[in-house]
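Participant: One structure, pasted below without further comment.
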Amino acid sequence: MAAIYIDGKAYEVTPGKNLLETCLTLGFNLPYFCWHPAMGSVGACRQCAIKLFKDEQDTNGRLVMSCMESVRDNMYLSVNDPIAKAFRSQVIEWLMTNHPHDCAVCDEGGSCHLQDMTVMTGHTYRRFQYKKRTYKNQYLGPFINHEMNRCIQCYRCVRFYKDYAGGKDLDVFAAHDHVYFGRAQDGILENEFSGNLAEVCPTGVFTDKTLKEHYTRKWDMTMAPSICQHCSLGCNIIAGERYGELRQITNRFNGEVNGYFICDRGRFGYEFVNSINRIQQPLIRSKIPDATDKQSLYNHLTETLSNNKVIGIGSPRASLESNFALMQLVGKENFYQGISENEAQLMRTVLSTVNSGHIHTPTLKETESADAVLILGEDLTNSAPRLALALRQAVQKKPFENAQQINIPSWHDAALREFAQQEKGALFIAYPTQTKLDEIASDSRYISPDDIARLGFAIANYLNNTAPALGDMDDDTLTLARHIADILKKAERPLIICGTSLCSEAILKAASNIAFALGTEDKKASLCFVVPECNSMGLAMMQAPSLNRAAEVLKKGEADTVIIVENDLYRRGAKKDIDSFFNHCKQLIVLDHLHNDTTNQANVLIPVGTFAEADGTIVNNEGRAQCFFQVFMPKNENLRESWRWLDEFRQFKNGVSREDLTTPDDLMAEMVELMPQFKGAETVAPPADFRIAGQKIPREPHRYSGRTAMLANINVSEPKPPEDPDSALSYTMEGYKGMPPAPLIPFYWAPGWNSVQSLNKYQAEVGGPLHGGDPGKRLFPENAVTENAFLNNISPAFKPSPGEWLLVPLPHIFGSEELSIYTPGIAQRSPRPYIAINKHDAANLNISENDIMQMQIKDQYYYDLPAKINDELPNGLAGIPFNIPGLGGIDWPATGILTKAAI
Amino acid sequence: MISILRTIGLTFLHMFRKRETIQYPEEKVVLHPRWRGRIVLTRDPDMGERCVGCYLCAAACPVDCISLQATEDENGRRYPEFFRINFSRCIFCGYCEEACPTYAIQLIPDFEMAEYDRQNLVYEKEDLLINSEGKYPGYNYYKVAGLAAGIKAKGEGDNEEPPVDIHSLLP
Ligand code: SF4
Ligand code: SF4
Ligand code: SF4
Ligand code: SF4
Ligand code: FES
């Protein structure tokens with residue numbers, strides 16, 4: 001601890017930070033632009049000036065940039081010194097000489113850091129009478145809008161885009177007073193994290209283009225804490241609504257998960273909520289007309305549920321509550337996971353490893369500080385994007401630590417990067433084809449899934465010779481394995497990453513073996529699993545049998561009615577198998593929010609709420625249970641949570657009376673009681689009856705406008721605002737105005753701080769955890785619970801078999817995920833169907849780029865796909881974009897016969 | 001006693017004064033131009049809609065009786081898709097006019113808005129928009145803003161330099 005004196009008052013602070021961070025943590029309103037808590041300082045904007053004194057006697061002092069000074073013991077400084085204040089206000093005045101008169105038409109307005117800082121420094125009237133500099137704007141693609149006149153040259157955008165996220169196509173051009181931040185030419189911003197520019201840029205240069213389509217000021221949105229539904233990492237988000245439409249997703253800080261940034265799929269993939277493809281009304285397809293009201297639906301279901309043999313199919317994209325409510329309705333023995341046997345088996349392997357207690361499951365934050373990383377069989381940028389961003393920080397860790405040895409402070413971004421130059425920490429990737437992270441990797445190998453696993457087993461065996469060995473190891477693999485093993489062994493914080501993308505159990509086992517071999521009882525090795533969907537982990541923890549088992553039961557006639565909750569089965573297996581599944585059910589009851597191939601087959605179709613219209617809990621890849629809260633009450637009262645419908649259906653079957661219907665809190669408590677593996681999940685967020693000073697937490701900012709006019713066109717007497725009995729949040733602007741508990745933060749705002757930068761006030765220490773700890777509860781055991789037993793699943797080295805190709809699913813950040821594809825911009829950036837093959841294979845087949853190839857899977861169906869010649873893919877492998885529109889209905893893993901299509 | 005007599009006297013004298021009460025509605029009230037009555041949305045000198053849908057009036061309104069939705073035309077010019085004022089709630093405080101950065105929303109000297117049905121006091125954009133610049137003639141927000149929205153090209157607004165050449169460093 002160091003003692004510093006600010007304006008004559010003594011404070012105890014942590015040394016090693018910079019003064020700006022420290023002052024903000026202490027609650028001072030000190031303006032800044034270029035410093036960013038996750039990106040450190042460069043001292044570019046000169047906004048954070050304070051007075052620093054030599055000692056107690058010094059009365060003159062000198063102006064310094066607080067973001068460029070380390071905290072030391074016995075420092076005397078002044079934030080409110082008149083000269084420092086005048087300096088700060090002059091800096092703003094200079095910035096304003098060129099700033100356009102745009103606030104009224106600027107999407108940043110109302111959540112603008114520049115507005116806040118201008119007000120904070122007290123600059124009000126323009127004295128400068130000369131002309132303003134102007135710029136031309138660029139087209140930057142479907143996600144980000146560019147309005148360059150508003151730039152204040154803080155350099156945050158390029159620092160984030162290039163240095164932090166590894167982007168190549170945004171840069172700074174020209175010089176002195178007319179620097180330009182943009183692309184070399186108009187065009188789509190390629191980086192997968194471009195959306196963060198909207199939050200990183202303190203002005204309205206980069207703004208969210210999807211928000212612009214239905215523009216709403218921050219103060220006018222009804223917002224709730226939520227969880228991203230588009231991959232297994234569970235980034236925390238804030239979702240905002242106005243006029244019954246979901247309008248914006250922004251990052252919600254969680255120090256252990258996503259920190260300050262989310263990926264573009266998470267930020268822009270929300271538009272499925274507003275899709276015209278939403279199911280609006282319950283349908284009973286045997287009736288004419290098929291649209292029906294609640295009462296006839298209930299009558300119909302009473303009959304079906306009490307007479308038929310019913311099974312339930314859960315979903316990895318439905319909440320724990322919804323899956324559990326279905327399980328309670330149909331009975332534990334009749335509940336199935338709704339994923340293929342192969343995927344279920346992969347998830348069982350993952351769970352048995354994490355439950356063994358012999359490995360450490362790292363948080364996303366922890367992956368950022370790994371000093372040696374091995375990725376086995378994952379293209380993280382496409383399968384778990386935020387993790388790829390974390391690894392870009394991890395490879396910087398080692399060089400930055402070296403820099404600290406010559407006393408460069410950890411926040412001094414420019415100096416650190418200058419010191420590190422191109423040096424990178426160790427990162428090894430084994431994947432069938434190129435990935436975006438290859439550019440920062442020490443070594444990448446393009447090998448088949450089996451060979452990836454063999455490499456893994458070889459590393460594990462080298463680390464610990466009791467681990468199973470490859471019988472026939474070639475020298476090449478051996479040398480590489482030894483090299484990687486040595487580096488992992490030497491590393492202080494090694495990290496192994498693998499996942500389910502390649503559908504290979506052997507890879508998971510090989511990775512587990514490495515972690516087992518690497519770890520000791522006191523220092524377990526970090527092993528991070530990437531799993532398919534947002535609640536895959538939660539569903540797997542329910543330990544139900546797979547979809548294939550359900551199909552068998554149906555075929556045997558042991559069941560005739562199926563209830564499917566939020567699951568499009570055509571994404572889960574071969575089309576033929578799913579067709580036959582549906583042919584075997586007498587009644588198909590489907591609950592979902594969007595029409596899809598499965599809902600088309602339903603006899604009874606029930607609309608449900610999306611994540612924005614429902615409360616729920618999901619479990620991410622690290623076993624962290626997290627709650628998302630309903631953002632708004634939909635006008636259409638049919639759009640209810642799946643669990644609410646299913647829970648209500650219990651009265652038709654199990655004779656539960658209406659009064660006994662549960663609240664989400666009770667449902668969760670019941671779940672934990674029945675399945676102790678979920679213990680802790682019920683305590684993720686404060687219960688529904690939680691109050692502060694007798695008040696709920698308002699979802700709306702205190703300046704929410706239009707309450708007496710929004711609905712006045714329908715009826716001039718305002719309706720009573722909807723009530724929320726399910727959570728401690730209210731749908732109005734009335735309620736507790738102070739700091740809400742971390743899991744319940746609906747938006748960031750503090751007096752004088754309207755932009756996202758107000759987050760500073762919500763953190764116990766700037767850049768550190770939120771007050772009261774970061775939200776979410778990790779469910780995996782931390783202590784060893786099983787014998788440390790190496791897993792064995794060694795397959796022979798991959799050999800291409802003539803005439804048959806091993807098909808590998810290639811995930812795409814834009815396109816492979818079911819829901820985000822409804823955002824037009826994401827659909828635009830999704831690849832068209834293709835088949836990637838090696839150039840030797842292409843030459844043998846006499847194929848050139850874009851020729852149409854015919855792919856036949858298991859003598860059943862054909863796909864005609866344009867060829868993409870790929871230099872990296874090993875011979876005998878063909879890459880297919882995973883589950884993009886037009887390429888669903890494949891039962892992975894698959895092999896196929898490729899021929900040149902006859903024209 | 002004296003004061004009572006004085007009061008009666010004064011009251012009596014008032015009978016001979018000029019009347020303040022007028023025979024409304026036969027006789028019309030003279031209102032000053034800044035009198036705060038019925039709210040209108042005005043147009044700019046080019047007769048384009050002045051309102052840019054910035055939501056500031058809505059935020060300033062103490063009774064929250066303004067609601068609107070901003071949208072854009074093909075040139076990027078912002079305008080309200082709908083604009084609604086619930087006059088049964090309005091207290092004619094004029095905060096909206098004060099907040100408006102474009103002079104679009106103005107309170108005018110007209111109070112004859114009485115309705116038998118309260119629902120009729122809900123005015124939509126069609127009811128609010130007038131074909132006039134109102135009290136502030138000559139102002140066109142887009143001429144002074146940096147945004148190019150079909151009114152002017154970049155660098156052609158009031159007090160603007162021509163756009164920067166970003167290739168100025170090239171030899
Ligand atoms: S564009 Fe934004 S982030 Fe980039 S320098 Fe300008 S103001 Fe800063
Ligand atoms: S990384 Fe995954 S969880 Fe995070 S924002 Fe992107 S899709 Fe959502
Ligand atoms: S005059 Fe006052 S009450 Fe009426 S709309 Fe304007 S701000 Fe609201
Ligand atoms: S303040 Fe003026 S420009 Fe802004 S929305 Fe209201 S009327 Fe339109
Ligand atoms: S924040 Fe310190 S100089 Fe920019």
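A note on labels: chains of the structure tokens are A, B, ... as shown, every chain counts residues from 1, and ligands are counted from 1 in their shown order.
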Taking only C-alpha atoms into account, what are the residues of chain A at most 8 Å from chain B, put as an NGL selection string?
Facilitator: :A and (100-102 or 104-105 or 130-136 or 147 or 149 or 173-175 or 178-180 or 213-217 or 703-710 or 712-713 or 715-716)
Participant: Please list as a list of chain:residue names every residue within 7 Å of region 319-332 of chain A, counting only C-alpha atoms and excluding residues in the same chain fewer than 2 positions away.
Facilitator: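 Counting only the stated atoms, we get A:Val310, A:Ile311, A:Gly312, A:Gly314, A:Ser315, A:Arg317, A:Asn334, A:Phe335, A:Asn535, A:Gly538, A:Gly616, A:Thr617, A:Ile618, A:Ser642, A:Trp643, A:Leu646, A:Asp647, A:Arg650, A:Leu667, A:Met668, A:Met671.
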Participant: Could you please extract the residues within 7 Å of ligand 1, counting only C-alpha atoms and all ligand atoms, and hand them back as a PyMOL selection string?
Facilitator: chain A and resi 148+150-158+181+200-206
Participant: Residues within 10 Å of Glu521 (chain A), please, as a list in words. Count only C-alpha atoms; anything in the same chain fewer than 5 positions from it doesn't count.
Facilitator: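 Returned residues: Gly357, His358, Ile359, Phe516, Asn783 and Ala784 of chain A.
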Participant: Tell me, which residues of chain B carry DSSP strand (DSSP E or B), written as number ranges by chain?
Facilitator: B: 39-41, 43, 49, 66-72, 78-86, 105-107, 122-123, 129, 160-163
Participant: In region 39-171 of chain B, what's alpha helix (DSSP H) per DSSP? Answer as a ChimeraX atom specification?
Facilitator: /B:56-60,95-99,125-128,141-144
Participant: Write out the residues from the selection above, keeping C-alpha atoms, as a compact mmCIF listing (two decimals), in the first residue's frame.
Facilitator:
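Wrote again07.txt, looks like this:
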# COMPACT_ATOMS: atom_id res chain seq x y z
CA LEU B 56 -34.21 16.04 -26.71
CA CYS B 57 -37.69 17.52 -26.43
CA ALA B 58 -39.00 14.16 -25.27
CA ALA B 59 -36.27 13.97 -22.65
CA ALA B 60 -36.87 17.54 -21.49
CA TYR B 95 -39.14 23.09 -22.10
CA CYS B 96 -39.39 21.15 -25.33
CA GLU B 97 -38.91 24.30 -27.37
CA GLU B 98 -35.97 25.29 -25.22
CA ALA B 99 -34.35 21.90 -25.63
CA LYS B 125 -47.05 14.46 -36.71
CA GLU B 126 -49.68 15.21 -39.35
CA ASP B 127 -51.48 17.38 -36.82
CA LEU B 128 -48.35 19.12 -35.61
CA TYR B 141 -29.73 22.92 -38.85
CA TYR B 142 -28.11 20.82 -41.55
CA LYS B 143 -26.22 23.86 -42.84
CA VAL B 144 -24.36 24.16 -39.56
Participant: Pick the closest to ligand 3 from B:Arg36, B:Asn140, B:Leu129, B:Glu49: which is it, counting only C-alpha atoms and all ligand atoms?
Facilitator: B:Arg36
Participant: One decimal, Å: what's the distance from CA of His146 (chain A) over to CA of Thr207 (chain A), could you say?
Facilitator: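 Computing it gives 6.9 Å between the two atoms.
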Participant: I'd like the neighbourhood of Ala574 (chain A) as an MDAnalysis selection string, where a residue qualifies if any of its atoms comes within 9 Å (using only C-alpha atoms), though same-chain residues fewer than 6 positions away should be ignored.
Facilitator: chainID A and resid 888:892
Participant: From the options A:Lys162, A:His412, A:Lys54, A:Arg267, which residue's atoms come nearest to ligand 5, counting only C-alpha atoms and all ligand atoms?
Facilitator: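 Between A:Lys162, A:His412, A:Lys54, A:Arg267, the residue approaching ligand 5 most closely is A:His412.
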Participant: Would you mind listing the residues within 8 Å of ligand 5, counting only C-alpha atoms and all ligand atoms, as a list in words?
Facilitator: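 After applying the 8 Å limit, what remains is Leu20, Pro31, Tyr32, Phe33, Cys34, Trp35, His36, Ser41, Val42, Gly43, Ala44, Cys45, Arg46, Gln47, Cys48, Ala49, Met65, Ser66, Cys67, Met68 and Cys154 of chain A.
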Participant: Could you pull the residues within 8 Å of region 737-743 of chain A, counting only C-alpha atoms, minus those fewer than 4 positions along the same chain, as a list in words?
Facilitator: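 Selected residues are Pro225, Cys627, Val684, Ala685, Pro686, Ile697, Pro698, Tyr762, Leu770, His771, Gly772, Gly773, Asp774, Pro775 and Gly776 of chain A.
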Participant: Store the residues picked out above, limited to N, CA and C atoms, as a compact mmCIF listing (two decimals), in the first residue's frame.
Facilitator:
# COMPACT_ATOMS: atom_id res chain seq x y z
N PRO A 225 -29.90 -6.92 -17.63
CA PRO A 225 -28.68 -7.71 -17.74
C PRO A 225 -29.01 -9.03 -18.43
N CYS A 627 -27.36 -15.87 -15.07
CA CYS A 627 -28.77 -15.56 -15.30
C CYS A 627 -28.93 -14.48 -16.35
N VAL A 684 -27.18 -17.54 -8.18
CA VAL A 684 -26.47 -16.69 -9.13
C VAL A 684 -26.91 -15.23 -9.00
N ALA A 685 -28.21 -15.03 -8.91
CA ALA A 685 -28.73 -13.66 -8.81
C ALA A 685 -29.60 -13.56 -7.57
N PRO A 686 -29.75 -12.37 -7.02
CA PRO A 686 -30.63 -12.20 -5.88
C PRO A 686 -32.06 -12.66 -6.24
N ILE A 697 -35.00 -2.76 -8.65
CA ILE A 697 -34.00 -2.12 -9.51
C ILE A 697 -34.69 -1.75 -10.81
N PRO A 698 -34.69 -0.47 -11.19
CA PRO A 698 -35.41 -0.09 -12.41
C PRO A 698 -34.67 -0.52 -13.67
N TYR A 762 -18.85 1.39 -11.16
CA TYR A 762 -19.46 0.12 -10.74
C TYR A 762 -18.40 -0.89 -10.31
N LEU A 770 -16.48 -6.07 -10.31
CA LEU A 770 -17.60 -5.20 -9.94
C LEU A 770 -17.76 -5.22 -8.42
N HIS A 771 -18.41 -4.19 -7.91
CA HIS A 771 -18.70 -4.17 -6.47
C HIS A 771 -19.44 -5.44 -6.09
N GLY A 772 -18.99 -6.11 -5.07
CA GLY A 772 -19.67 -7.33 -4.62
C GLY A 772 -19.25 -8.56 -5.41
N GLY A 773 -18.27 -8.43 -6.30
CA GLY A 773 -17.77 -9.61 -7.04
C GLY A 773 -18.45 -9.77 -8.39
N ASP A 774 -17.70 -10.31 -9.33
CA ASP A 774 -18.26 -10.52 -10.66
C ASP A 774 -19.34 -11.59 -10.62
N PRO A 775 -20.39 -11.40 -11.43
CA PRO A 775 -21.52 -12.32 -11.34
C PRO A 775 -21.24 -13.71 -11.94
N GLY A 776 -22.10 -14.65 -11.63
CA GLY A 776 -21.98 -16.02 -12.12
C GLY A 776 -21.44 -16.93 -11.03
Participant: Provide the CA of Asn620 (chain A) to CA of Val530 (chain A) distance in Å, to one decimal place.
Facilitator: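 Spanning CA of Asn620 (chain A) to CA of Val530 (chain A) is a straight-line distance of 9.3 Å.
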Participant: Can you work out the spacing between CA of Lys9 (chain A) and CA of Trp411 (chain A) in Å, to one decimal?
Facilitator: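 Taking CA of Lys9 (chain A) and CA of Trp411 (chain A), their separation equals 25.2 Å.
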